[in-house]
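The next block holds one structure in the form of structure tokens; read it before the comments.
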Amino acid sequence: MAGFYPTHKHDYFQIIYFRTQAPALRVGLVSDRPKPGSIYFIGPMVPHQVRFDSATRCVVLYFDLDFLRPDLTAAYPAEELARLAPELYPFVWQSQVELALDEAQRLRLERRLDALCAEHDRPRLCTQAVLRAELALLLAEICRDRASDVERLAESRPAPGRDGDHMRRIADFIGENYARPVSLSALAAATRLSRSRLCALIRRHTGRTFQTLVAQMRIEDACERLILTDEPVGRIAHAVGYHDEKYFLRAFRKHVGTTPRAFRLRDIRPAAAGDGRRPRT
């Protein structure tokens with residue numbers, strides 16, 4: 001089932017594991033293209049945009065903090081929660097730690113996911129306890145696999161949550177406005193930060209400039225519209241923030257390496273070969 005979802009956020013934790021390749025997604029301001037075996041951890045109130053096409057197969061888990069750790073309160077900031085409950089580190093450090101899985105880790109993770117799905121689909125005595133235990137083990141195993149990375153980052157970098165409120169406001173503003181005329185001055189006014197502070201934060205957390213980030217979001221949006229809709233190229237250009245179609249064509253070729261029409265023809269064929277089943281959730 002093809003999906004076209006706006007940037008949004010929620011107050012629970014979410015894990016998405018992709019069994020197949022999928023369209024580009026964004027968590028906060030970080031964009032990525034899922035591959036088979038990719039896993040993403042999305043914390044509460046983190047803006048994100050996830051897309052599915054007809055061939056996407058994935059597992060989506062979501063839970064409240066009260067379910068996993070009823071002894072903790074969600075009032076703690078994310079980095080403090082991770083110190084109190086280290087199994088939550090993937091939700092804090094994902095943008096700094098490479099979460100690619102080797103074959104053994106992937107098989108182990110899929111066994112955990114299959115067990116969680118089976119227990120959820122066929123509830124019985126102690127199902128909640130089994131789900132909580134399986135989820136805790138899944139998170140703990142991910143953390144142990146990356147323990148050295150997490151320990152190194154904890155020692156060498158300020159806690160990501162120190163800039164967390166600023167980055168959430170920045171991600172909210174850009175995610176809601178990238179398809180309109182948007183400027184660094186407008187972002188500075190909306191977030192009450194100086195232009196220099198904004199540029200430093202965006203560069204630190206994404207490795208890109210503000211202008212490059214906005215252009216990337218627009219082109220990614222255009223790519224998904226080209227694949228998932230039959231809208232004319234000119235209308236897509238306007239919808240993602242380009243009011244000059246010639247400028248859009250130049251920007252698209254620069255980022256993608258081909259024209260929008262060629263991209264649509266190239267990428268729509270594999271999607272048509274899918275079996276049409278819904279993404280597994």
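Each chain in the structure tokens gets a letter, A, B and so on, in the order shown; residues start at 1 in every chain, and ligands are counted from 1 in the order they appear.
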
Skip Leu131 of chain A itself and residues of its chain fewer than 2 positions away, then list as a VMD selection string all residues within 8 Å of it, counting only C-alpha atoms.
chain A and resid 116 119 to 120 127 to 129 133 to 135

Preceding selection exported with all heavy atoms as a CSV table (one decimal), in the first residue's frame:
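Writing the result to again_13.csv gives the following:
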chain,number,residue,atom,x,y,z
A,116,LEU,N,7.4,-11.1,19.4
A,116,LEU,CA,6.5,-10.0,19.8
A,116,LEU,C,5.2,-9.9,19.0
A,116,LEU,O,4.1,-9.8,19.6
A,116,LEU,CB,7.2,-8.6,19.7
A,116,LEU,CG,8.2,-8.3,20.8
A,116,LEU,CD1,9.2,-7.2,20.3
A,116,LEU,CD2,7.5,-7.8,22.0
A,119,GLU,N,2.9,-13.0,19.9
A,119,GLU,CA,2.3,-12.8,21.3
A,119,GLU,C,1.2,-11.7,21.2
A,119,GLU,O,0.2,-11.9,21.8
A,119,GLU,CB,3.4,-12.4,22.3
A,119,GLU,CG,2.9,-12.5,23.7
A,119,GLU,CD,2.7,-13.9,24.2
A,119,GLU,OE1,3.4,-14.8,23.8
A,119,GLU,OE2,1.7,-14.1,25.0
A,120,HIS,N,1.5,-10.7,20.5
A,120,HIS,CA,0.5,-9.6,20.4
A,120,HIS,C,-0.8,-10.1,19.7
A,120,HIS,O,-1.9,-9.7,20.0
A,120,HIS,CB,1.1,-8.4,19.7
A,120,HIS,CG,0.1,-7.2,19.5
A,120,HIS,ND1,-0.7,-7.1,18.4
A,120,HIS,CD2,-0.2,-6.2,20.3
A,120,HIS,CE1,-1.4,-6.0,18.5
A,120,HIS,NE2,-1.1,-5.4,19.6
A,127,THR,N,0.4,-12.3,28.7
A,127,THR,CA,0.9,-11.7,27.5
A,127,THR,C,1.6,-10.4,27.7
A,127,THR,O,2.6,-10.2,27.1
A,127,THR,CB,-0.3,-11.5,26.5
A,127,THR,OG1,-0.6,-12.8,25.9
A,127,THR,CG2,0.0,-10.6,25.4
A,128,GLN,N,1.0,-9.6,28.6
A,128,GLN,CA,1.7,-8.3,28.8
A,128,GLN,C,3.1,-8.4,29.4
A,128,GLN,O,4.0,-7.7,29.0
A,128,GLN,CB,0.8,-7.4,29.7
A,128,GLN,CG,-0.5,-7.0,29.2
A,128,GLN,CD,-0.3,-6.0,28.0
A,128,GLN,OE1,0.3,-5.0,28.1
A,128,GLN,NE2,-0.8,-6.4,26.8
A,129,ALA,N,3.3,-9.4,30.3
A,129,ALA,CA,4.6,-9.6,30.9
A,129,ALA,C,5.6,-10.1,29.8
A,129,ALA,O,6.7,-9.7,29.8
A,129,ALA,CB,4.5,-10.6,32.0
A,133,ALA,N,8.9,-8.2,28.5
A,133,ALA,CA,10.2,-8.9,28.6
A,133,ALA,C,10.9,-8.9,27.2
A,133,ALA,O,12.1,-8.7,27.1
A,133,ALA,CB,10.1,-10.3,29.1
A,134,GLU,N,10.2,-9.3,26.2
A,134,GLU,CA,10.7,-9.4,24.8
A,134,GLU,C,11.2,-8.0,24.3
A,134,GLU,O,12.3,-7.9,23.7
A,134,GLU,CB,9.7,-10.0,23.8
A,134,GLU,CG,9.4,-11.5,24.0
A,134,GLU,CD,10.6,-12.3,23.6
A,134,GLU,OE1,11.5,-11.8,23.0
A,134,GLU,OE2,10.5,-13.6,23.8
A,135,LEU,N,10.4,-7.0,24.6
A,135,LEU,CA,10.8,-5.6,24.2
A,135,LEU,C,12.1,-5.2,24.9
A,135,LEU,O,13.0,-4.6,24.3
A,135,LEU,CB,9.7,-4.7,24.5
A,135,LEU,CG,9.9,-3.2,24.2
A,135,LEU,CD1,10.3,-3.0,22.7
A,135,LEU,CD2,8.7,-2.3,24.6

Per DSSP on the backbone, what are the helix (DSSP H, G or I) residues of segment 109-162 of chain A, as a short mmCIF file (atom, residue, chain, number, x, y, z; two decimals) with N, CA, C and O atoms, in the first residue's frame?
data_model
loop_
_atom_site.label_atom_id
_atom_site.label_comp_id
_atom_site.auth_asym_id
_atom_site.auth_seq_id
_atom_site.Cartn_x
_atom_site.Cartn_y
_atom_site.Cartn_z
N LEU A 109 17.38 -10.21 15.91
CA LEU A 109 16.35 -9.18 16.01
C LEU A 109 15.04 -9.65 15.40
O LEU A 109 13.96 -9.45 15.98
N GLU A 110 15.11 -10.30 14.25
CA GLU A 110 13.87 -10.76 13.61
C GLU A 110 13.17 -11.83 14.44
O GLU A 110 11.93 -11.88 14.47
N ARG A 111 13.94 -12.66 15.14
CA ARG A 111 13.31 -13.65 16.04
C ARG A 111 12.56 -12.93 17.16
O ARG A 111 11.44 -13.34 17.53
N ARG A 112 13.17 -11.89 17.72
CA ARG A 112 12.49 -11.11 18.76
C ARG A 112 11.22 -10.46 18.21
O ARG A 112 10.16 -10.48 18.85
N LEU A 113 11.32 -9.86 17.04
CA LEU A 113 10.16 -9.20 16.44
C LEU A 113 9.05 -10.20 16.15
O LEU A 113 7.86 -9.93 16.39
N ASP A 114 9.41 -11.36 15.62
CA ASP A 114 8.41 -12.39 15.33
C ASP A 114 7.73 -12.85 16.62
O ASP A 114 6.51 -13.08 16.65
N ALA A 115 8.52 -12.98 17.69
CA ALA A 115 7.93 -13.39 18.97
C ALA A 115 6.98 -12.33 19.50
O ALA A 115 5.90 -12.65 20.02
N LEU A 116 7.36 -11.06 19.38
CA LEU A 116 6.50 -9.97 19.82
C LEU A 116 5.19 -9.94 19.03
O LEU A 116 4.10 -9.81 19.60
N CYS A 117 5.30 -10.07 17.71
CA CYS A 117 4.11 -10.03 16.86
C CYS A 117 3.18 -11.21 17.15
O CYS A 117 1.95 -11.06 17.23
N ALA A 118 3.77 -12.40 17.32
CA ALA A 118 2.96 -13.59 17.59
C ALA A 118 2.24 -13.46 18.93
O ALA A 118 1.06 -13.80 19.05
N GLU A 119 2.94 -12.96 19.94
CA GLU A 119 2.33 -12.80 21.26
C GLU A 119 1.23 -11.74 21.23
O GLU A 119 0.18 -11.90 21.84
N HIS A 120 1.48 -10.66 20.52
CA HIS A 120 0.48 -9.59 20.41
C HIS A 120 -0.76 -10.07 19.66
O HIS A 120 -1.90 -9.73 20.02
N ASP A 121 -0.57 -10.88 18.62
CA ASP A 121 -1.69 -11.32 17.79
C ASP A 121 -2.52 -12.41 18.47
O ASP A 121 -3.70 -12.59 18.14
N THR A 127 0.40 -12.33 28.73
CA THR A 127 0.87 -11.74 27.47
C THR A 127 1.58 -10.41 27.71
O THR A 127 2.63 -10.16 27.11
N GLN A 128 1.04 -9.55 28.56
CA GLN A 128 1.68 -8.26 28.81
C GLN A 128 3.09 -8.43 29.38
O GLN A 128 4.01 -7.71 28.99
N ALA A 129 3.26 -9.38 30.27
CA ALA A 129 4.59 -9.63 30.85
C ALA A 129 5.56 -10.14 29.80
O ALA A 129 6.73 -9.74 29.77
N VAL A 130 5.08 -11.02 28.92
CA VAL A 130 5.95 -11.55 27.85
C VAL A 130 6.33 -10.43 26.88
O VAL A 130 7.50 -10.31 26.49
N LEU A 131 5.36 -9.60 26.49
CA LEU A 131 5.66 -8.49 25.58
C LEU A 131 6.69 -7.55 26.20
O LEU A 131 7.63 -7.11 25.53
N ARG A 132 6.51 -7.24 27.48
CA ARG A 132 7.45 -6.32 28.15
C ARG A 132 8.85 -6.93 28.20
O ARG A 132 9.85 -6.25 27.94
N ALA A 133 8.94 -8.21 28.49
CA ALA A 133 10.24 -8.88 28.57
C ALA A 133 10.92 -8.94 27.21
O ALA A 133 12.12 -8.68 27.09
N GLU A 134 10.17 -9.31 26.17
CA GLU A 134 10.75 -9.39 24.83
C GLU A 134 11.22 -8.02 24.34
O GLU A 134 12.28 -7.89 23.72
N LEU A 135 10.43 -6.98 24.60
CA LEU A 135 10.81 -5.63 24.20
C LEU A 135 12.07 -5.18 24.94
O LEU A 135 12.98 -4.61 24.33
N ALA A 136 12.13 -5.44 26.24
CA ALA A 136 13.31 -5.07 27.01
C ALA A 136 14.55 -5.79 26.50
O ALA A 136 15.64 -5.19 26.39
N LEU A 137 14.43 -7.06 26.17
CA LEU A 137 15.57 -7.81 25.65
C LEU A 137 16.00 -7.29 24.28
O LEU A 137 17.19 -7.18 24.00
N LEU A 138 15.03 -6.97 23.42
CA LEU A 138 15.36 -6.43 22.10
C LEU A 138 16.19 -5.15 22.24
O LEU A 138 17.25 -5.01 21.61
N LEU A 139 15.74 -4.24 23.09
CA LEU A 139 16.45 -2.98 23.28
C LEU A 139 17.81 -3.19 23.94
O LEU A 139 18.81 -2.57 23.56
N ALA A 140 17.85 -4.07 24.93
CA ALA A 140 19.12 -4.32 25.62
C ALA A 140 20.15 -4.93 24.69
O ALA A 140 21.35 -4.58 24.75
N GLU A 141 19.73 -5.84 23.83
CA GLU A 141 20.68 -6.45 22.89
C GLU A 141 21.21 -5.43 21.89
O GLU A 141 22.41 -5.44 21.57
N ILE A 142 20.36 -4.53 21.40
CA ILE A 142 20.83 -3.46 20.51
C ILE A 142 21.86 -2.61 21.23
O ILE A 142 22.92 -2.26 20.67
N CYS A 143 21.59 -2.25 22.49
CA CYS A 143 22.53 -1.42 23.25
C CYS A 143 23.85 -2.13 23.48
O CYS A 143 24.92 -1.52 23.35
N ARG A 144 23.80 -3.39 23.81
CA ARG A 144 25.05 -4.13 24.04
C ARG A 144 25.86 -4.25 22.76
O ARG A 144 27.09 -4.18 22.78
N ASP A 145 25.20 -4.41 21.62
CA ASP A 145 25.91 -4.48 20.34
C ASP A 145 26.69 -3.20 20.07
O ASP A 145 27.71 -3.23 19.39
N ALA A 147 27.62 -0.91 22.56
CA ALA A 147 28.02 -0.37 23.87
C ALA A 147 29.25 0.52 23.77
O ALA A 147 29.30 1.60 24.38
N SER A 148 30.25 0.11 23.01
CA SER A 148 31.48 0.91 22.93
C SER A 148 31.21 2.26 22.27
O SER A 148 31.77 3.28 22.68
N ASP A 149 30.34 2.27 21.24
CA ASP A 149 30.00 3.54 20.59
C ASP A 149 29.29 4.48 21.56
O ASP A 149 29.59 5.67 21.63
N VAL A 150 28.32 3.94 22.29
CA VAL A 150 27.55 4.77 23.22
C VAL A 150 28.45 5.30 24.32
O VAL A 150 28.38 6.49 24.68
N GLU A 151 29.32 4.46 24.86
CA GLU A 151 30.23 4.91 25.92
C GLU A 151 31.18 5.98 25.40
O GLU A 151 31.46 6.98 26.09
N ARG A 152 31.68 5.79 24.19
CA ARG A 152 32.59 6.80 23.61
C ARG A 152 31.89 8.12 23.43
O ARG A 152 32.42 9.18 23.76
N LEU A 153 30.67 8.10 22.90
CA LEU A 153 29.93 9.34 22.68
C LEU A 153 29.56 10.01 23.99
O LEU A 153 29.60 11.24 24.11
N ALA A 154 29.20 9.22 24.99
CA ALA A 154 28.83 9.79 26.28
C ALA A 154 30.00 10.55 26.90
O ALA A 154 29.81 11.55 27.58
N GLU A 155 31.23 10.09 26.63
CA GLU A 155 32.41 10.73 27.18
C GLU A 155 32.87 11.93 26.36
O GLU A 155 33.37 12.92 26.89
N SER A 156 32.71 11.85 25.04
CA SER A 156 33.34 12.85 24.16
C SER A 156 32.41 13.96 23.69
O SER A 156 32.87 14.98 23.20
N PRO A 160 23.06 14.79 23.75
CA PRO A 160 22.26 15.34 22.68
C PRO A 160 21.06 16.14 23.18
O PRO A 160 20.64 17.10 22.57
N GLY A 161 20.52 15.75 24.35
CA GLY A 161 19.37 16.45 24.89
C GLY A 161 19.65 17.88 25.26
O GLY A 161 18.72 18.67 25.45
N ARG A 162 20.92 18.26 25.41
CA ARG A 162 21.25 19.63 25.74
C ARG A 162 20.74 20.58 24.67
O ARG A 162 20.33 21.70 24.94
#

Out of A:Arg168, A:Phe210, A:Val46, A:Tyr62, which residue has the shortest atom-to-atom distance to Leu184 of chain A when counting only C-alpha atoms?
A:Phe210

Go through segment 46-120 of chain A and flag each residue having an atom no more than 12 Å from segment 219-226 of chain A; for those, report the closest pair of atoms plus their distance in Å to one decimal, using only C-alpha atoms, ordered by chain and rising number, as a Markdown table.
| residue | atom | partner | partner_atom | distance |
| --- | --- | --- | --- | --- |
| A:Gln49 | CA | A:Asp221 | CA | 10.3 |
| A:Val50 | CA | A:Glu224 | CA | 11.0 |
| A:Arg51 | CA | A:Glu224 | CA | 8.3 |
| A:Phe52 | CA | A:Glu224 | CA | 9.5 |
| A:Asp53 | CA | A:Glu224 | CA | 9.1 |

Got a sec: who's within 10 Å of Phe252 of chain A, counting only C-alpha atoms, leaving out chain neighbours fewer than 2 positions off, as a ChimeraX atom specification?
/A:215-216,218-220,222-223,237,246-250,254-260,263

Save out the residues we just selected, N, CA, C and O atoms, as a JSON list (two decimals), in the first residue's frame.
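File written: out-v6.json
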[["chain", "number", "residue", "atom", "x", "y", "z"],
["A", 215, "ALA", "N", 16.64, 22.33, 0.53],
["A", 215, "ALA", "CA", 16.63, 21.81, -0.84],
["A", 215, "ALA", "C", 16.50, 20.29, -0.85],
["A", 215, "ALA", "O", 15.76, 19.73, -1.66],
["A", 216, "GLN", "N", 17.22, 19.62, 0.05],
["A", 216, "GLN", "CA", 17.14, 18.16, 0.12],
["A", 216, "GLN", "C", 15.72, 17.71, 0.45],
["A", 216, "GLN", "O", 15.20, 16.77, -0.15],
["A", 218, "ARG", "N", 12.93, 19.29, -0.12],
["A", 218, "ARG", "CA", 12.06, 19.54, -1.27],
["A", 218, "ARG", "C", 12.23, 18.48, -2.35],
["A", 218, "ARG", "O", 11.24, 17.98, -2.90],
["A", 219, "ILE", "N", 13.48, 18.13, -2.65],
["A", 219, "ILE", "CA", 13.73, 17.15, -3.71],
["A", 219, "ILE", "C", 13.25, 15.77, -3.29],
["A", 219, "ILE", "O", 12.69, 15.01, -4.09],
["A", 220, "GLU", "N", 13.46, 15.40, -2.01],
["A", 220, "GLU", "CA", 12.97, 14.10, -1.53],
["A", 220, "GLU", "C", 11.44, 14.04, -1.63],
["A", 220, "GLU", "O", 10.88, 13.01, -2.02],
["A", 222, "ALA", "N", 9.62, 15.72, -3.73],
["A", 222, "ALA", "CA", 9.31, 15.61, -5.16],
["A", 222, "ALA", "C", 9.50, 14.18, -5.66],
["A", 222, "ALA", "O", 8.68, 13.66, -6.43],
["A", 223, "CYS", "N", 10.57, 13.51, -5.22],
["A", 223, "CYS", "CA", 10.82, 12.12, -5.64],
["A", 223, "CYS", "C", 9.66, 11.21, -5.26],
["A", 223, "CYS", "O", 9.20, 10.38, -6.06],
["A", 237, "ALA", "N", 6.52, 20.47, -8.77],
["A", 237, "ALA", "CA", 7.51, 21.51, -8.48],
["A", 237, "ALA", "C", 6.90, 22.58, -7.58],
["A", 237, "ALA", "O", 7.50, 23.01, -6.58],
["A", 246, "LYS", "N", 11.79, 25.64, -14.34],
["A", 246, "LYS", "CA", 13.14, 25.46, -14.87],
["A", 246, "LYS", "C", 14.16, 25.36, -13.74],
["A", 246, "LYS", "O", 15.09, 24.55, -13.80],
["A", 247, "TYR", "N", 13.97, 26.17, -12.71],
["A", 247, "TYR", "CA", 14.88, 26.11, -11.56],
["A", 247, "TYR", "C", 14.74, 24.77, -10.85],
["A", 247, "TYR", "O", 15.72, 24.16, -10.40],
["A", 248, "PHE", "N", 13.49, 24.29, -10.74],
["A", 248, "PHE", "CA", 13.25, 22.97, -10.14],
["A", 248, "PHE", "C", 13.96, 21.88, -10.93],
["A", 248, "PHE", "O", 14.59, 20.98, -10.35],
["A", 249, "LEU", "N", 13.89, 21.93, -12.26],
["A", 249, "LEU", "CA", 14.53, 20.90, -13.08],
["A", 249, "LEU", "C", 16.04, 20.90, -12.86],
["A", 249, "LEU", "O", 16.66, 19.83, -12.76],
["A", 250, "ARG", "N", 16.64, 22.09, -12.75],
["A", 250, "ARG", "CA", 18.08, 22.16, -12.50],
["A", 250, "ARG", "C", 18.42, 21.61, -11.12],
["A", 250, "ARG", "O", 19.38, 20.85, -10.95],
["A", 254, "LYS", "N", 20.62, 18.23, -10.21],
["A", 254, "LYS", "CA", 21.81, 18.37, -9.36],
["A", 254, "LYS", "C", 21.79, 17.36, -8.22],
["A", 254, "LYS", "O", 22.82, 16.75, -7.90],
["A", 255, "HIS", "N", 20.63, 17.16, -7.58],
["A", 255, "HIS", "CA", 20.54, 16.28, -6.42],
["A", 255, "HIS", "C", 20.36, 14.81, -6.79],
["A", 255, "HIS", "O", 20.85, 13.92, -6.08],
["A", 256, "VAL", "N", 19.65, 14.53, -7.89],
["A", 256, "VAL", "CA", 19.29, 13.15, -8.23],
["A", 256, "VAL", "C", 20.12, 12.59, -9.38],
["A", 256, "VAL", "O", 20.34, 11.39, -9.48],
["A", 257, "GLY", "N", 20.59, 13.48, -10.26],
["A", 257, "GLY", "CA", 21.41, 13.03, -11.37],
["A", 257, "GLY", "C", 20.65, 12.72, -12.63],
["A", 257, "GLY", "O", 21.23, 12.21, -13.60],
["A", 258, "THR", "N", 19.33, 12.99, -12.64],
["A", 258, "THR", "CA", 18.53, 12.75, -13.81],
["A", 258, "THR", "C", 17.35, 13.70, -13.80],
["A", 258, "THR", "O", 17.18, 14.47, -12.85],
["A", 259, "THR", "N", 16.53, 13.68, -14.83],
["A", 259, "THR", "CA", 15.37, 14.56, -14.87],
["A", 259, "THR", "C", 14.21, 13.93, -14.09],
["A", 259, "THR", "O", 14.17, 12.71, -13.89],
["A", 260, "PRO", "N", 13.23, 14.73, -13.66],
["A", 260, "PRO", "CA", 12.07, 14.17, -12.96],
["A", 260, "PRO", "C", 11.33, 13.11, -13.79],
["A", 260, "PRO", "O", 10.92, 12.07, -13.25],
["A", 263, "PHE", "N", 13.34, 9.94, -13.83],
["A", 263, "PHE", "CA", 13.29, 9.33, -12.50],
["A", 263, "PHE", "C", 11.96, 8.60, -12.31],
["A", 263, "PHE", "O", 11.92, 7.48, -11.81]]

DSSP-assigned strand (DSSP E or B) among segment 9-253 of chain A, expressed as a list in words
Phe13, Gln14, Ile15, Ile16, Tyr17, Phe18, Leu25, Arg26, Val27, Val30, Ser31, Asp32, Ile39, Tyr40, Phe41, Ile42, His48, Gln49, Phe52, Cys58, Val59, Val60, Leu61, Tyr62 and Phe63 of chain A

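The coordinates place atom CA of Glu87 of chain A at 22.7 Å from atom CA of Met167 of chain A.
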
Please report the interatomic distance between atom CA of Leu193 of chain A and atom CA of Leu81 of chain A in Å with one decimal.
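Separation between atom CA of Leu193 of chain A and atom CA of Leu81 of chain A: 26.3 Å.
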
Residue neighbourhood Ala24 of chain A, 7 Å, only C-alpha atoms, exclusion window fewer than 6 positions, as a list in words
Ser31, Asp32, Arg33, Pro34 and Arg51 of chain A

Can you work out which one of A:Arg192, A:Arg26, A:Lys35, A:Arg204 has the shortest atom-to-atom distance to His8 of chain A, counting only C-alpha atoms?
A:Arg26

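Distances from A:Ala82, A:Cys199, A:Arg261, A:Trp93 to Gly234 of chain A were compared using only C-alpha atoms, and the smallest one belongs to A:Arg261.
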